[in-house]
>>> print(open('coords.txt').read())   # compact mmCIF, C-alpha atoms (C1' of nucleotides)
# COMPACT_ATOMS: atom_id res chain seq x y z
CA MET G 1 -73.73 137.49 75.47
CA ASP G 2 -74.66 136.05 78.82
CA SER G 3 -71.69 133.73 78.49
CA ALA G 4 -70.84 135.32 81.82
CA THR G 5 -71.93 132.02 83.37
CA PRO G 6 -69.01 129.73 82.61
CA ARG G 7 -69.75 127.71 85.74
CA ARG G 8 -66.32 128.02 87.27
CA ARG G 9 -65.20 124.65 88.52
CA ARG G 10 -64.18 124.60 92.17
CA PRO G 11 -60.38 125.00 92.52
CA ARG G 12 -58.47 121.80 93.08
CA ALA G 13 -57.55 120.96 96.64
CA ASP G 14 -53.84 120.61 95.95
CA ALA G 15 -53.85 123.94 94.15
CA ARG G 16 -55.26 125.68 97.18
CA ARG G 17 -52.71 123.92 99.41
CA ASN G 18 -49.81 124.92 97.20
CA TYR G 19 -51.05 128.49 97.02
CA GLU G 20 -51.13 128.77 100.80
CA ARG G 21 -47.76 127.11 101.28
CA LEU G 22 -46.19 129.39 98.72
CA LEU G 23 -47.54 132.44 100.50
CA ALA G 24 -46.28 131.18 103.84
CA GLU G 25 -42.80 130.39 102.57
CA ALA G 26 -42.63 133.61 100.60
CA ASP G 27 -43.39 135.55 103.74
CA ALA G 28 -40.65 133.73 105.63
CA VAL G 29 -38.07 134.14 102.89
CA PHE G 30 -38.90 137.78 102.19
CA ARG G 31 -38.67 138.58 105.88
CA GLU G 32 -35.23 137.08 106.03
CA HIS G 33 -33.78 138.14 102.68
CA GLY G 34 -35.91 141.03 101.45
CA VAL G 35 -38.20 141.30 98.46
CA ASP G 36 -35.40 140.42 96.04
CA ALA G 37 -34.93 136.95 97.48
CA SER G 38 -34.78 133.99 95.13
CA LEU G 39 -38.14 132.74 93.92
CA GLU G 40 -36.66 129.32 93.23
CA ARG G 41 -35.74 129.13 96.88
CA ILE G 42 -39.32 129.91 97.86
CA ALA G 43 -40.66 127.23 95.53
CA ARG G 44 -38.11 124.77 96.88
CA GLN G 45 -39.02 125.48 100.49
CA ALA G 46 -42.69 125.13 99.63
CA GLY G 47 -41.98 121.73 98.14
CA VAL G 48 -43.24 122.78 94.75
CA ALA G 49 -41.75 123.10 91.27
CA ILE G 50 -40.82 126.54 90.05
CA GLY G 51 -43.49 126.41 87.37
CA THR G 52 -46.15 126.08 90.01
CA LEU G 53 -45.04 129.24 91.70
CA TYR G 54 -45.26 131.10 88.41
CA LYS G 55 -48.67 129.60 87.75
CA HIS G 56 -50.06 131.10 90.92
CA PHE G 57 -48.03 134.29 90.85
CA PRO G 58 -47.00 135.32 87.34
CA THR G 59 -44.62 137.97 88.62
CA ARG G 60 -42.68 138.67 91.77
CA LEU G 61 -44.90 141.65 92.34
CA ALA G 62 -48.04 139.57 92.10
CA LEU G 63 -46.67 137.40 94.88
CA ILE G 64 -45.77 140.39 97.01
CA ALA G 65 -49.14 142.00 96.39
CA ALA G 66 -50.97 138.83 97.43
CA LEU G 67 -48.85 138.69 100.55
CA LEU G 68 -49.79 142.25 101.45
CA ARG G 69 -53.47 142.05 100.57
CA GLU G 70 -54.90 141.42 104.04
CA ARG G 71 -52.37 143.60 105.78
CA HIS G 72 -53.20 146.46 103.46
CA ASP G 73 -56.91 146.13 103.98
CA ALA G 74 -56.36 146.27 107.72
CA LEU G 75 -54.02 149.21 107.37
CA PHE G 76 -56.41 151.24 105.25
CA ALA G 77 -59.25 150.44 107.62
CA ARG G 78 -57.25 151.86 110.48
CA GLY G 79 -56.47 154.88 108.34
CA ASP G 80 -60.12 155.50 107.67
CA ALA G 81 -60.86 155.24 111.37
CA LEU G 82 -58.13 157.74 112.13
CA LEU G 83 -59.82 160.26 109.86
CA ALA G 84 -62.56 160.54 112.45
CA ASP G 85 -60.13 161.01 115.30
CA ALA G 86 -60.74 163.98 117.55
CA SER G 87 -57.10 165.04 117.39
CA PRO G 88 -55.98 165.27 113.76
CA GLY G 89 -52.38 165.80 114.76
CA ALA G 90 -52.24 162.69 116.91
CA ALA G 91 -54.09 160.76 114.21
CA LEU G 92 -51.50 161.70 111.62
CA ALA G 93 -48.69 160.78 114.01
CA THR G 94 -50.25 157.36 114.55
CA TRP G 95 -50.73 156.86 110.84
CA ILE G 96 -47.13 157.70 110.10
CA ARG G 97 -45.95 155.14 112.62
CA LEU G 98 -48.26 152.49 111.26
CA VAL G 99 -47.17 152.99 107.68
CA VAL G 100 -43.48 153.08 108.53
CA ALA G 101 -43.75 149.87 110.52
CA HIS G 102 -45.58 148.24 107.66
CA ALA G 103 -43.27 149.44 104.90
CA ALA G 104 -40.30 148.12 106.82
CA THR G 105 -41.64 144.55 106.98
CA TYR G 106 -39.44 143.35 104.13
CA GLN G 107 -36.19 144.87 103.02
CA GLY G 108 -36.85 146.68 99.76
CA LEU G 109 -40.56 147.11 100.26
CA ALA G 110 -40.43 150.86 100.79
CA ALA G 111 -38.75 151.27 97.42
CA LEU G 112 -41.62 149.39 95.79
CA PHE G 113 -44.16 151.73 97.29
CA ILE G 114 -42.41 154.60 95.62
CA VAL G 115 -42.30 153.06 92.18
CA GLY G 116 -45.98 152.53 92.78
CA PRO G 117 -47.93 153.71 89.76
CA GLY G 118 -44.91 153.25 87.53
CA LEU G 119 -45.06 150.43 85.01
CA LYS G 120 -42.73 148.48 87.21
CA ALA G 121 -45.26 147.92 89.95
CA ALA G 122 -48.67 147.82 88.33
CA GLU G 123 -49.77 145.12 90.77
CA LEU G 124 -49.23 147.53 93.63
CA ALA G 125 -50.51 150.64 91.92
CA GLU G 126 -53.92 150.53 93.54
CA ASP G 127 -52.50 149.92 97.00
CA CYS G 128 -50.15 152.81 96.55
CA ALA G 129 -52.99 155.04 95.44
CA ARG G 130 -55.06 154.17 98.50
CA LEU G 131 -52.07 154.72 100.73
CA ALA G 132 -51.48 158.12 99.20
CA SER G 133 -55.14 158.98 99.44
CA VAL G 134 -55.43 158.23 103.15
CA THR G 135 -52.21 160.08 103.82
CA GLU G 136 -53.43 163.08 101.88
CA GLN G 137 -56.69 163.23 103.78
CA LEU G 138 -54.99 162.94 107.15
CA VAL G 139 -52.50 165.60 106.22
CA GLY G 140 -55.35 167.79 105.08
CA THR G 141 -57.26 167.57 108.33
CA ALA G 142 -54.11 167.98 110.40
CA ARG G 143 -53.19 171.09 108.48
CA ALA G 144 -56.70 172.46 108.78
CA ALA G 145 -56.50 171.91 112.53
CA GLY G 146 -53.29 173.90 112.66
CA ALA G 147 -51.23 170.91 113.67
CA LEU G 148 -49.01 171.19 110.61
CA ARG G 149 -47.22 174.10 109.03
CA PRO G 150 -49.23 175.17 106.00
CA GLU G 151 -46.46 174.55 103.49
CA VAL G 152 -46.10 170.88 104.39
CA THR G 153 -47.53 168.72 101.61
CA SER G 154 -48.74 165.16 101.72
CA ALA G 155 -45.91 164.33 99.34
CA ASP G 156 -43.54 165.53 102.05
CA VAL G 157 -45.14 163.25 104.56
CA SER G 158 -45.10 160.31 102.14
CA ALA G 159 -41.45 160.85 101.37
CA LEU G 160 -40.68 161.01 105.06
CA MET G 161 -42.53 157.78 105.74
CA ASN G 162 -40.70 155.96 103.00
CA ALA G 163 -37.37 157.37 104.04
CA ALA G 164 -37.99 156.34 107.63
CA ALA G 165 -38.97 152.86 106.51
CA TRP G 166 -35.72 152.66 104.57
CA VAL G 167 -33.73 153.75 107.61
CA HIS G 168 -35.63 151.13 109.58
CA GLU G 169 -34.59 148.46 107.09
CA GLU G 170 -31.01 149.55 106.62
CA ILE G 171 -29.97 150.98 109.97
CA SER G 172 -32.30 150.34 112.87
CA ALA G 173 -35.79 150.87 114.14
CA ASP G 174 -34.44 153.23 116.76
CA GLN G 175 -32.70 155.45 114.25
CA ALA G 176 -35.84 155.49 112.13
CA ASN G 177 -37.82 156.69 115.11
CA ARG G 178 -35.34 159.44 115.82
CA LEU G 179 -35.52 160.59 112.21
CA LEU G 180 -39.29 160.65 112.40
CA ASP G 181 -39.25 162.67 115.61
CA LEU G 182 -36.89 165.22 114.17
CA ALA G 183 -38.62 165.61 110.84
CA VAL G 184 -42.06 165.77 112.41
CA ALA G 185 -40.86 168.47 114.76
CA GLY G 186 -39.81 170.38 111.68
CA MET G 187 -43.32 170.06 110.30
CA THR G 188 -45.24 171.44 113.25
CA PRO G 189 -45.76 175.12 113.92
CA THR G 190 -44.49 174.63 117.45
CA GLY G 191 -41.44 172.56 116.53
CA THR G 192 -42.58 169.74 118.79
CA ALA G 193 -44.33 166.42 118.41
CA LEU G 194 -47.57 166.16 116.49
CA GLY G 195 -50.83 166.22 118.38
CA SER G 196 -49.47 168.05 121.38
CA MET A 197 15.15 141.61 105.19
CA ASP A 198 15.64 144.55 102.87
CA SER A 199 13.92 142.54 100.18
CA ALA A 200 11.67 145.56 100.21
CA THR A 201 13.41 146.53 96.97
CA PRO A 202 11.86 144.15 94.42
CA ARG A 203 12.35 146.75 91.68
CA ARG A 204 8.75 146.87 90.56
CA ARG A 205 8.60 146.69 86.82
CA ARG A 206 6.72 149.54 85.21
CA PRO A 207 3.07 148.58 84.59
CA ARG A 208 2.26 147.59 81.07
CA ALA A 209 0.80 150.27 78.84
CA ASP A 210 -2.21 148.22 77.82
CA ALA A 211 -2.91 147.42 81.45
CA ARG A 212 -3.03 151.06 82.32
CA ARG A 213 -5.26 151.77 79.36
CA ASN A 214 -7.67 149.01 80.27
CA TYR A 215 -7.78 150.18 83.86
CA GLU A 216 -8.75 153.67 82.81
CA ARG A 217 -11.32 152.52 80.29
CA LEU A 218 -12.90 150.22 82.84
CA LEU A 219 -13.20 153.07 85.31
CA ALA A 220 -14.75 155.32 82.69
CA GLU A 221 -17.29 152.76 81.52
CA ALA A 222 -18.09 151.72 85.09
CA ASP A 223 -18.89 155.32 85.93
CA ALA A 224 -21.18 155.61 82.93
CA VAL A 225 -22.95 152.33 83.59
CA PHE A 226 -23.32 152.90 87.32
CA ARG A 227 -24.74 156.34 86.71
CA GLU A 228 -27.33 154.89 84.42
CA HIS A 229 -28.17 151.63 86.16
CA GLY A 230 -26.98 151.98 89.74
CA VAL A 231 -24.26 150.15 91.62
CA ASP A 232 -25.86 146.78 90.97
CA ALA A 233 -25.42 147.04 87.21
CA SER A 234 -23.90 144.13 85.33
CA LEU A 235 -20.12 143.92 85.49
CA GLU A 236 -20.07 141.92 82.27
CA ARG A 237 -21.75 144.85 80.58
CA ILE A 238 -19.06 147.17 81.85
CA ALA A 239 -16.32 144.87 80.59
CA ARG A 240 -18.08 144.56 77.26
CA GLN A 241 -18.42 148.33 76.88
CA ALA A 242 -14.79 148.74 77.80
CA GLY A 243 -13.84 146.30 75.06
CA VAL A 244 -12.21 143.94 77.50
CA ALA A 245 -12.79 140.36 78.64
CA ILE A 246 -14.55 139.82 81.93
CA GLY A 247 -11.42 138.29 83.44
CA THR A 248 -9.55 141.53 82.89
CA LEU A 249 -12.11 143.46 84.86
CA TYR A 250 -11.75 141.02 87.74
CA LYS A 251 -7.98 141.23 87.52
CA HIS A 252 -8.04 144.97 88.10
CA PHE A 253 -10.99 145.00 90.49
CA PRO A 254 -11.39 141.72 92.36
CA THR A 255 -14.81 142.71 93.69
CA ARG A 256 -17.60 145.03 92.72
CA LEU A 257 -16.81 147.09 95.78
CA ALA A 258 -13.18 147.44 94.80
CA LEU A 259 -14.35 148.94 91.53
CA ILE A 260 -16.75 151.30 93.26
CA ALA A 261 -14.14 152.32 95.79
CA ALA A 262 -11.63 153.09 93.04
CA LEU A 263 -14.27 155.13 91.27
CA LEU A 264 -14.93 157.18 94.41
CA ARG A 265 -11.33 157.62 95.49
CA GLU A 266 -10.69 161.09 94.08
CA ARG A 267 -14.18 162.33 94.76
CA HIS A 268 -13.86 161.26 98.36
CA ASP A 269 -10.55 162.95 98.86
CA ALA A 270 -12.04 166.16 97.51
CA LEU A 271 -15.12 165.76 99.67
CA PHE A 272 -13.15 165.22 102.86
CA ALA A 273 -10.90 168.14 102.05
CA ARG A 274 -13.95 170.38 101.79
CA GLY A 275 -15.19 168.93 105.05
CA ASP A 276 -11.96 169.78 106.81
CA ALA A 277 -12.15 173.31 105.45
CA LEU A 278 -15.68 173.67 106.72
CA LEU A 279 -14.49 172.87 110.22
CA ALA A 280 -12.78 176.23 110.27
CA ASP A 281 -15.87 178.07 109.04
CA ALA A 282 -16.96 181.06 111.07
CA SER A 283 -20.56 179.87 111.15
CA PRO A 284 -20.72 176.27 112.36
CA GLY A 285 -24.41 176.02 111.57
CA ALA A 286 -23.98 177.11 107.98
CA ALA A 287 -20.93 174.87 107.68
CA LEU A 288 -22.94 171.85 108.76
CA ALA A 289 -25.73 172.75 106.37
CA THR A 290 -23.26 172.94 103.51
CA TRP A 291 -21.70 169.65 104.50
CA ILE A 292 -25.05 167.91 104.58
CA ARG A 293 -25.84 169.11 101.08
CA LEU A 294 -22.46 168.04 99.78
CA VAL A 295 -22.73 164.56 101.20
CA VAL A 296 -26.28 164.04 100.03
CA ALA A 297 -25.40 165.12 96.51
CA HIS A 298 -22.44 162.79 96.54
CA ALA A 299 -24.26 159.79 97.99
CA ALA A 300 -26.94 160.13 95.35
CA THR A 301 -24.49 159.87 92.44
CA TYR A 302 -25.31 156.22 91.78
CA GLN A 303 -28.50 154.46 92.72
CA GLY A 304 -27.72 152.20 95.65
CA LEU A 305 -24.67 154.07 96.82
CA ALA A 306 -26.26 155.43 99.98
CA ALA A 307 -27.06 151.91 101.11
CA LEU A 308 -23.41 150.97 100.72
CA PHE A 309 -22.32 153.81 102.95
CA ILE A 310 -24.51 152.41 105.66
CA VAL A 311 -23.18 148.90 105.46
CA GLY A 312 -19.84 150.59 105.69
CA PRO A 313 -17.77 148.89 108.36
CA GLY A 314 -19.74 145.67 107.95
CA LEU A 315 -17.93 142.76 106.34
CA LYS A 316 -19.90 143.40 103.20
CA ALA A 317 -18.14 146.62 102.36
CA ALA A 318 -14.62 146.34 103.71
CA GLU A 319 -13.27 148.25 100.73
CA LEU A 320 -15.35 151.26 101.76
CA ALA A 321 -14.87 150.96 105.49
CA GLU A 322 -12.18 153.59 105.70
CA ASP A 323 -14.10 156.06 103.57
CA CYS A 324 -17.15 155.55 105.74
CA ALA A 325 -15.12 156.12 108.86
CA ARG A 326 -13.71 159.38 107.53
CA LEU A 327 -17.16 160.48 106.47
CA ALA A 328 -18.52 159.76 109.93
CA SER A 329 -15.59 161.48 111.55
CA VAL A 330 -16.00 164.73 109.65
CA THR A 331 -19.73 164.67 110.26
CA GLU A 332 -19.21 164.11 113.94
CA GLN A 333 -16.81 167.03 114.25
CA LEU A 334 -19.10 169.38 112.35
CA VAL A 335 -22.05 168.32 114.45
CA GLY A 336 -19.98 168.86 117.55
CA THR A 337 -19.02 172.42 116.69
CA ALA A 338 -22.51 173.26 115.51
CA ARG A 339 -23.95 172.00 118.76
CA ALA A 340 -21.36 173.87 120.79
CA ALA A 341 -22.32 177.02 118.91
CA GLY A 342 -25.92 176.50 119.83
CA ALA A 343 -26.99 175.93 116.24
CA LEU A 344 -28.30 172.45 117.01
CA ARG A 345 -30.55 171.14 119.74
CA PRO A 346 -28.36 169.40 122.29
CA GLU A 347 -29.98 166.00 121.90
CA VAL A 348 -29.22 165.74 118.19
CA THR A 349 -26.45 163.23 117.61
CA SER A 350 -24.11 162.84 114.68
CA ALA A 351 -25.78 159.50 114.04
CA ASP A 352 -29.03 161.38 113.56
CA VAL A 353 -27.41 163.64 111.01
CA SER A 354 -25.79 160.71 109.23
CA ALA A 355 -29.08 158.86 109.04
CA LEU A 356 -30.75 161.95 107.69
CA MET A 357 -28.10 162.40 105.03
CA ASN A 358 -28.41 158.82 103.87
CA ALA A 359 -32.19 158.94 103.93
CA ALA A 360 -32.17 162.13 101.88
CA ALA A 361 -29.76 160.58 99.40
CA TRP A 362 -32.13 157.64 99.10
CA VAL A 363 -35.06 159.95 98.47
CA HIS A 364 -32.93 161.73 95.90
CA GLU A 365 -32.29 158.42 94.13
CA GLU A 366 -35.79 157.03 94.37
CA ILE A 367 -38.09 160.05 94.19
CA SER A 368 -36.48 163.30 93.18
CA ALA A 369 -33.85 165.81 94.09
CA ASP A 370 -36.56 168.28 94.95
CA GLN A 371 -38.29 165.97 97.39
CA ALA A 372 -34.94 165.19 98.97
CA ASN A 373 -34.35 168.87 99.51
CA ARG A 374 -37.72 169.33 101.12
CA LEU A 375 -37.05 166.44 103.46
CA LEU A 376 -33.73 167.97 104.40
CA ASP A 377 -35.31 171.33 105.07
CA LEU A 378 -37.98 169.85 107.28
CA ALA A 379 -35.70 167.57 109.25
CA VAL A 380 -33.07 170.25 109.71
CA ALA A 381 -35.73 172.62 111.01
CA GLY A 382 -36.54 169.94 113.56
CA MET A 383 -32.93 169.87 114.65
CA THR A 384 -32.45 173.55 115.34
CA PRO A 385 -33.45 175.28 118.55
CA THR A 386 -35.34 177.88 116.53
CA GLY A 387 -37.09 175.46 114.21
CA THR A 388 -35.64 177.17 111.18
CA ALA A 389 -32.80 176.60 108.77
CA LEU A 390 -29.29 175.98 110.06
CA GLY A 391 -26.87 178.85 110.34
CA SER A 392 -29.47 181.54 110.55
C1' DC T 393 -68.99 105.22 90.49
C1' DA T 394 -66.64 105.64 86.07
C1' DA T 395 -64.51 108.33 82.89
C1' DG T 396 -63.97 112.74 80.50
C1' DA T 397 -62.55 117.42 80.77
C1' DT T 398 -59.42 120.53 82.41
C1' DA T 399 -57.10 123.15 85.99
C1' DG T 400 -52.91 122.47 87.77
C1' DG T 401 -48.05 120.54 88.23
C1' DT T 402 -43.56 119.59 86.39
C1' DG T 403 -38.82 120.43 85.18
C1' DA T 404 -35.81 120.87 81.23
C1' DG T 405 -34.00 124.62 78.67
C1' DG T 406 -32.53 129.17 76.99
C1' DG T 407 -31.04 133.55 78.71
C1' DT T 408 -28.25 136.50 81.93
C1' DG T 409 -25.05 137.34 85.46
C1' DC T 410 -21.29 136.10 88.93
C1' DC T 411 -16.69 134.63 89.54
C1' DT T 412 -12.51 131.45 88.69
C1' DC T 413 -8.67 129.62 86.44
C1' DA T 414 -5.59 127.28 83.13
C1' DA T 415 -3.62 128.51 79.02
C1' DC T 416 -2.01 132.00 76.14
C1' DT T 417 0.10 136.93 74.83
C1' DT T 418 2.64 140.86 75.12
C1' DA T 419 5.20 144.64 76.68
C1' DG T 420 9.19 145.85 79.60
C1' DC T 421 13.83 145.04 80.54
C1' DA T 422 18.66 143.40 80.31
C1' DT V 423 16.87 140.12 70.66
C1' DG V 424 14.86 137.19 73.57
C1' DC V 425 13.41 136.08 78.43
C1' DT V 426 9.76 136.44 81.64
C1' DA V 427 6.43 138.21 84.58
C1' DA V 428 2.46 140.87 84.18
C1' DG V 429 -1.59 140.92 81.81
C1' DT V 430 -5.46 138.93 78.92
C1' DT V 431 -8.73 135.71 77.53
C1' DG V 432 -13.03 133.13 77.53
C1' DA V 433 -14.87 128.70 78.60
C1' DG V 434 -17.16 126.64 82.45
C1' DG V 435 -19.57 125.88 86.84
C1' DC V 436 -23.07 127.83 89.60
C1' DA V 437 -27.40 130.45 90.65
C1' DC V 438 -31.36 132.73 89.19
C1' DC V 439 -35.16 134.24 85.95
C1' DC V 440 -38.98 132.85 83.27
C1' DT V 441 -41.45 129.88 79.63
C1' DC V 442 -43.72 126.07 77.77
C1' DA V 443 -44.89 121.46 76.07
C1' DC V 444 -46.22 117.66 78.24
C1' DC V 445 -48.05 115.07 82.06
C1' DT V 446 -51.45 114.20 86.17
C1' DA V 447 -54.80 114.68 89.73
C1' DT V 448 -59.07 116.30 90.90
C1' DC V 449 -63.71 117.82 90.04
C1' DT V 450 -67.81 116.92 87.67
C1' DT V 451 -71.49 114.87 85.26
C1' DG V 452 -74.27 111.09 83.83
>>> encode(input="coords.txt", output="structure tokens")
Amino acid sequence: MDSATPRRRRPRADARRNYERLLAEADAVFREHGVDASLERIARQAGVAIGTLYKHFPTRLALIAALLRERHDALFARGDALLADASPGAALATWIRLVVAHAATYQGLAALFIVGPGLKAAELAEDCARLASVTEQLVGTARAAGALRPEVTSADVSALMNAAAWVHEEISADQANRLLDLAVAGMTPTGTALGS
Amino acid sequence: MDSATPRRRRPRADARRNYERLLAEADAVFREHGVDASLERIARQAGVAIGTLYKHFPTRLALIAALLRERHDALFARGDALLADASPGAALATWIRLVVAHAATYQGLAALFIVGPGLKAAELAEDCARLASVTEQLVGTARAAGALRPEVTSADVSALMNAAAWVHEEISADQANRLLDLAVAGMTPTGTALGS
DNA sequence: CAAGATAGGTGAGGGTGCCTCAACTTAGCA
DNA sequence: TGCTAAGTTGAGGCACCCTCACCTATCTTG
């Protein structure tokens, strides 16, 4: 059964072009109208028929996932680096800010991260798992270093990040920051900022 | 100009019936599918043509507002009562819980409260204003009583309430409670629950 | 470099939902 | 009892979702 050598033909040039244009327009449209924006509009703006969009991205989530691919890799890399940080509290604080900023890129994105493993977002399940994993490790080290109250779970931190991202989307970045500051203060033994 | 006496005819019996049935079905459907559920489905379930629904409730928001009318009056009444509470901290804590529970009734409701005064939700503008007003007064008295850190604003509390309602909708009631506990601890001078 | 194979592109079409409006019904009132 | 305004109806226009049968352009091989 070494039929594992089907000699994949090189992808057509126009296909590659369309793929890139679709990603670019999707990013623009999602930034302006959120992740529920019209896919037909994206195809239109990319100068492509709707069928072509569906060929490249069978579902809305597949499109979103492709759009986030590079950004997620970069994000998780930074997360891994933070695990080696000398100050676990400060590292966690940085991580929280990074994730919130990321999750607030498109309106509605934070909600997708929550659905995560659910059937609804299979295409994002792995990303969500990695996100949760990094968060859990950072929370673990921060707690071990005494920077967090012992009863604070990584689920608490995840919920806070998503909630802050939602506030960022729906109200303002400033209000999201204030919420973060307050909630984080409630998570530290000293009632102050993390990594003091 | 005393044409202010047009002798309104009594509303038709079937009209009244349809109005009530629409409200009942809307409540059921919104509870199950959130505030973005299909209006045609609601009309169908109410055994009424779609035009009838639009006759009674010209916009989705008009329907939602009608649905919330009584509940809001009750909520604001409780809020006013809490203003006279002997323990301003505990009163604020109760208020926060009440509002979060209310805002989490239908998926998507919390987001509407935020849009509030915006053009998008004119039908809810007044309700939002009253909500904000009660919150502001309770925050004021709590702060004056030293139950809140001085830099905490009523906007902070409002954002927290909406964020917690969102967590309630999207994750779980339990996680929403934990977020509330943590954030509230960050708002008190002692770093503990309100109204201690 | 020609021509075959095939990945890729297209857009009509069926489904759902939003909202409007002209024509029809029916319950209240005199 | 019959007039009439309030109320009801559902087709129809628009937008979006997603699929699929049928083309078409590009890569590849001889």
>>> closest_atom_pairs(input="coords.txt", of="chain G", to="chain T", cutoff="10 Å", atoms="only C-alpha atoms (C1' of nucleotides)", output="JSON lines")
{"residue": "G:Arg9", "atom": "CA", "partner": "T:DA399", "partner_atom": "C1'", "distance": 8.6}
{"residue": "G:Arg10", "atom": "CA", "partner": "T:DA399", "partner_atom": "C1'", "distance": 9.5}
{"residue": "G:Pro11", "atom": "CA", "partner": "T:DA399", "partner_atom": "C1'", "distance": 7.5}
{"residue": "G:Arg12", "atom": "CA", "partner": "T:DA399", "partner_atom": "C1'", "distance": 7.3}
{"residue": "G:Asp14", "atom": "CA", "partner": "T:DG400", "partner_atom": "C1'", "distance": 8.4}
{"residue": "G:Ala15", "atom": "CA", "partner": "T:DG400", "partner_atom": "C1'", "distance": 6.6}
{"residue": "G:Val48", "atom": "CA", "partner": "T:DG401", "partner_atom": "C1'", "distance": 8.4}
{"residue": "G:Ala49", "atom": "CA", "partner": "T:DT402", "partner_atom": "C1'", "distance": 6.3}
{"residue": "G:Ile50", "atom": "CA", "partner": "T:DG403", "partner_atom": "C1'", "distance": 8.1}
{"residue": "G:Gly51", "atom": "CA", "partner": "T:DT402", "partner_atom": "C1'", "distance": 6.9}
{"residue": "G:Thr52", "atom": "CA", "partner": "T:DG401", "partner_atom": "C1'", "distance": 6.1}
{"residue": "G:Leu53", "atom": "CA", "partner": "T:DG401", "partner_atom": "C1'", "distance": 9.8}
{"residue": "G:Lys55", "atom": "CA", "partner": "T:DG400", "partner_atom": "C1'", "distance": 8.3}
{"residue": "G:His56", "atom": "CA", "partner": "T:DG400", "partner_atom": "C1'", "distance": 9.6}
>>> residues_near_point(input="coords.txt", point="(-11.6, 154.2, 92.1)", cutoff="12 Å", atoms="all atoms listed in the file", output="tab-separated table (two decimals) with C-alpha atoms, in the coordinates of the input")
chain	number	residue	atom	x	y	z
A	215	TYR	CA	-7.78	150.18	83.86
A	216	GLU	CA	-8.75	153.67	82.81
A	217	ARG	CA	-11.32	152.52	80.29
A	218	LEU	CA	-12.90	150.22	82.84
A	219	LEU	CA	-13.20	153.07	85.31
A	220	ALA	CA	-14.75	155.32	82.69
A	222	ALA	CA	-18.09	151.72	85.09
A	223	ASP	CA	-18.89	155.32	85.93
A	252	HIS	CA	-8.04	144.97	88.10
A	253	PHE	CA	-10.99	145.00	90.49
A	256	ARG	CA	-17.60	145.03	92.72
A	257	LEU	CA	-16.81	147.09	95.78
A	258	ALA	CA	-13.18	147.44	94.80
A	259	LEU	CA	-14.35	148.94	91.53
A	260	ILE	CA	-16.75	151.30	93.26
A	261	ALA	CA	-14.14	152.32	95.79
A	262	ALA	CA	-11.63	153.09	93.04
A	263	LEU	CA	-14.27	155.13	91.27
A	264	LEU	CA	-14.93	157.18	94.41
A	265	ARG	CA	-11.33	157.62	95.49
A	266	GLU	CA	-10.69	161.09	94.08
A	267	ARG	CA	-14.18	162.33	94.76
A	268	HIS	CA	-13.86	161.26	98.36
A	269	ASP	CA	-10.55	162.95	98.86
A	319	GLU	CA	-13.27	148.25	100.73
A	320	LEU	CA	-15.35	151.26	101.76
A	323	ASP	CA	-14.10	156.06	103.57
>>> interface_residues(input="coords.txt", of="chain V", to="chain G", cutoff="10 Å", atoms="all atoms listed in the file", output="list in words")
DA437, DC438, DC439, DC440, DT441, DC442, DA447, DT448, DC449 and DT450 of chain V
>>> interface_residues(input="coords.txt", of="chain A", to="chain G", cutoff="6 Å", atoms="all atoms listed in the file", output="JSON, numbers by chain")
{"A": [359, 378, 379, 381, 382, 387]}
>>> atom_distance(input="coords.txt", atom1="atom CA of G:Ala91", atom2="atom CA of G:Ala142")
8.2 Å
>>> atom_distance(input="coords.txt", atom1="atom CA of A:Met357", atom2="atom CA of A:Pro284")
17.3 Å
>>> atom_distance(input="coords.txt", atom1="atom CA of A:Ala297", atom2="atom CA of A:Ala282")
23.2 Å
>>> residues_around(input="coords.txt", residues="G:Trp95", least_positions_apart="2", cutoff="8 Å", atoms="only C-alpha atoms (C1' of nucleotides)", output="list in words")
Gly79, Leu82, Ala91, Leu92, Ala93, Arg97, Leu98, Val99 and Thr135 of chain G
>>> decode(input="coords.txt", residues="stretch 413-417 of chain T", atoms="N, CA, C and O atoms (P, O5', C5', C4', C3', O3' and C1' of nucleotides)", output="short mmCIF file (atom, residue, chain, number, x, y, z; two decimals), in the first residue's frame")
data_model
loop_
_atom_site.label_atom_id
_atom_site.label_comp_id
_atom_site.auth_asym_id
_atom_site.auth_seq_id
_atom_site.Cartn_x
_atom_site.Cartn_y
_atom_site.Cartn_z
P DC T 413 -43.98 49.61 2.65
"O5'" DC T 413 -45.14 49.11 1.68
"C5'" DC T 413 -44.93 47.99 0.82
"C4'" DC T 413 -46.28 47.40 0.43
"C3'" DC T 413 -47.48 48.27 0.79
"O3'" DC T 413 -48.51 48.02 -0.16
"C1'" DC T 413 -47.70 46.22 1.87
P DA T 414 -49.06 49.31 -0.98
"O5'" DA T 414 -50.18 48.64 -1.88
"C5'" DA T 414 -49.83 47.56 -2.74
"C4'" DA T 414 -50.89 46.47 -2.67
"C3'" DA T 414 -52.32 46.97 -2.77
"O3'" DA T 414 -53.06 46.03 -3.53
"C1'" DA T 414 -52.05 45.79 -0.74
P DA T 415 -54.59 46.35 -3.93
"O5'" DA T 415 -55.35 45.13 -3.25
"C5'" DA T 415 -54.82 43.81 -3.44
"C4'" DA T 415 -55.46 42.91 -2.41
"C3'" DA T 415 -56.99 43.09 -2.30
"O3'" DA T 415 -57.59 41.82 -2.29
"C1'" DA T 415 -56.00 43.28 -0.18
P DC T 416 -59.16 41.66 -2.35
"O5'" DC T 416 -59.44 41.06 -0.91
"C5'" DC T 416 -58.79 39.83 -0.55
"C4'" DC T 416 -58.86 39.64 0.95
"C3'" DC T 416 -60.29 39.52 1.51
"O3'" DC T 416 -60.37 38.32 2.25
"C1'" DC T 416 -59.02 41.02 2.80
P DT T 417 -61.80 37.63 2.50
"O5'" DT T 417 -61.71 37.44 4.07
"C5'" DT T 417 -61.08 38.47 4.79
"C4'" DT T 417 -60.99 38.12 6.26
"C3'" DT T 417 -62.31 37.80 6.92
"O3'" DT T 417 -62.02 37.08 8.11
"C1'" DT T 417 -61.61 39.98 7.57
#
